[in-house]
Amino acid sequence: MSSYVFPVQTAFFIFVVAAMFLLVPWLIYGYRKDGFFSWSRFGVSFSFIFYILAAYCLVILPFPTTRDTCAQQAADTIYYNLVPFTFIKDIMKETPIVWSQPSSYLSMIQGRAFLQVLFNVLLLMPLGVYIRYFFQKRAFWKYALLGGFGLSLFFEITQITGFYGYYNCPYRLFDVDDLLLNTSGTVIGFFAAPILLALFPSRASIQAKSEQIVEQNRVYPVPQLLALLIDGAVVVLITNVLSIFTPSDVIQGALNTSIAMVIVLFFIPWVRNGTTPGSAILRFRYVNRQSGSPTIESLFKRLLALYTPWFVITIIRWINDYAFTSNEDVMLRPYQILLSLGTVGVYMLVYAVLFVHVLIVLFSRGKRSFYFDEVSRTRASRK
């Protein structure tokens, strides 16, 4: 059993790392495609990535301890089996069946050869389920047949080439029976998929919800927050570019960030009809709640509402840095600890309030707005 646990654990670690890089691009793609975040589609897509990684790791792991695998094998080692249905002979040879004794059936099921066959069938069965979900119609069973055979062949080539030539001899067997069993498992999974897919929303229902949201002109808090994060990344980029051409000091750094925020959060949406870089990627814009179009006043108020927390945090950081770097100031020295604790407390309080506010808005399911939209009387619009 441990031989299966290690590859799955490795696949999970790779998946977590990959998910960190794929999450935001996938959220952007999903929102642009559907107009909302379908968490069921998210679960299916990311579980598919994990499944492919797990299947691949189960096939290639564990690796040999040395690249010279030829030295660990006999000279007459055979690295392939091209005779189909050899697994039947292996099962009968390992655990002979006496048809008049049902107890022998149980011995056969518990035998290594039978379990190996079962593993090969189950390995790609989920692939058939995913193919059925992605293509829906039963007529696409040929895709399952070709997909299962293609992926199984890829696995077998990986084995026969010694992990693409890294090892000087193959460390696992190329077996035509694996091709047959893997492909059969994919097709079985394809036809059995409706039993599992009944638990998930169909693609037709997701499309219907997408059309309804577009018609209602609704933009939920999650895409708004994602757009704001993208805007923040653009602000950081512009700030770094400005820092190349300006002196390197604290005041100039704050001024560069302020200029970048004005450009991204006010100038660009003013020129581009209420669209910031982030909202442009997610296909919506910011408009005044009364007029239904962006106004200079509302955009400027939104800028100030976003700028104020950053400015407060910056001032707190300056005070804290000054308290610990100004050792020449004798009058300030007795109060350094209290001043530091006070600034850290205010610093944490500002972040805590913002964090709680974001959580409240996110879990309100669109019934509440972010504070900067309330102050500026703006809203996100898809039109």
# chains A, B, ... in the order shown; residues from 1 in each chain; ligands from 1
>>> select_by_dssp(residues="range 77-154 of chain A", states="alpha helix (DSSP H)", output="ChimeraX atom specification")
/A:86-94,103-110,112-123,125-135,141-154
>>> residues_around(residues="Arg138 in chain A", least_positions_apart="2", cutoff="12 Å", atoms="only C-alpha atoms", output="PyMOL selection string")
chain A and resi 128-129+131-136+140-144+187+189-194
>>> residues_around(residues="Lys367 in chain A", least_positions_apart="4", cutoff="12 Å", atoms="only C-alpha atoms", output="list in words")
Arg218, Val219, Tyr220, Pro221, Ile360, Val361, Leu362 and Phe363 of chain A
>>> residues_around(residues="Thr314 in chain A", least_positions_apart="4", cutoff="10 Å", atoms="only C-alpha atoms", output="list in words")
Val250, Ala254, Thr308, Pro309, Trp310, Trp318, Ile319, Asn320 and Tyr347 of chain A
>>> write_last_selection(atoms="C-alpha atoms", output="mmCIF file, in the first residue's frame")
data_model
loop_
_atom_site.group_PDB
_atom_site.id
_atom_site.type_symbol
_atom_site.label_atom_id
_atom_site.label_comp_id
_atom_site.auth_asym_id
_atom_site.auth_seq_id
_atom_site.Cartn_x
_atom_site.Cartn_y
_atom_site.Cartn_z
ATOM 1 C CA VAL A 250 11.382 56.891 1.553
ATOM 2 C CA ALA A 254 5.781 57.022 -1.368
ATOM 3 C CA THR A 308 -6.471 56.624 2.582
ATOM 4 C CA PRO A 309 -5.758 53.179 4.186
ATOM 5 C CA TRP A 310 -2.488 52.906 2.277
ATOM 6 C CA TRP A 318 7.391 55.927 8.995
ATOM 7 C CA ILE A 319 6.701 56.707 12.659
ATOM 8 C CA ASN A 320 7.787 53.244 13.743
ATOM 9 C CA TYR A 347 -1.151 48.945 12.009
#
>>> closest_atom_pairs(of="range 125-204 of chain A", to="range 40-56 of chain A", cutoff="8 Å", atoms="only C-alpha atoms", output="Markdown table")
| residue | atom | partner | partner_atom | distance |
| --- | --- | --- | --- | --- |
| A:Pro126 | CA | A:Tyr51 | CA | 7.9 |
| A:Tyr130 | CA | A:Phe48 | CA | 7.2 |
| A:Phe155 | CA | A:Tyr56 | CA | 7.3 |
| A:Phe200 | CA | A:Ser40 | CA | 6.7 |
| A:Pro201 | CA | A:Ser40 | CA | 7.1 |
>>> residues_around(residues="range 270-287 of chain A", least_positions_apart="6", cutoff="12 Å", atoms="only C-alpha atoms", output="ChimeraX atom specification")
/A:24-37,214,217-220,222-235,261-264,293-300,302-303,372-373,376-383
>>> residues_around(residues="range 113-120 of chain A", least_positions_apart="3", cutoff="10 Å", atoms="only C-alpha atoms", output="PyMOL selection string")
chain A and resi 87-95+107-110+123-125+152+177-185
>>> atom_distance(atom1="CA of Glu156 in chain A", atom2="CA of Leu61 in chain A")
13.3 Å
>>> closest_residue(among="A:Ala19, A:Thr186, A:Tyr164, A:Phe245", to="Leu122 in chain A", atoms="only C-alpha atoms")
A:Thr186
>>> select_by_dssp(residues="range 73-244 of chain A", states="strand (DSSP E or B)", output="PyMOL selection string")
chain A and resi 80-81+174-175
>>> atom_distance(atom1="CA of Asp175 in chain A", atom2="CA of Leu146 in chain A")
17.8 Å
>>> atom_distance(atom1="CA of Phe63 in chain A", atom2="CA of Tyr171 in chain A")
8.3 Å
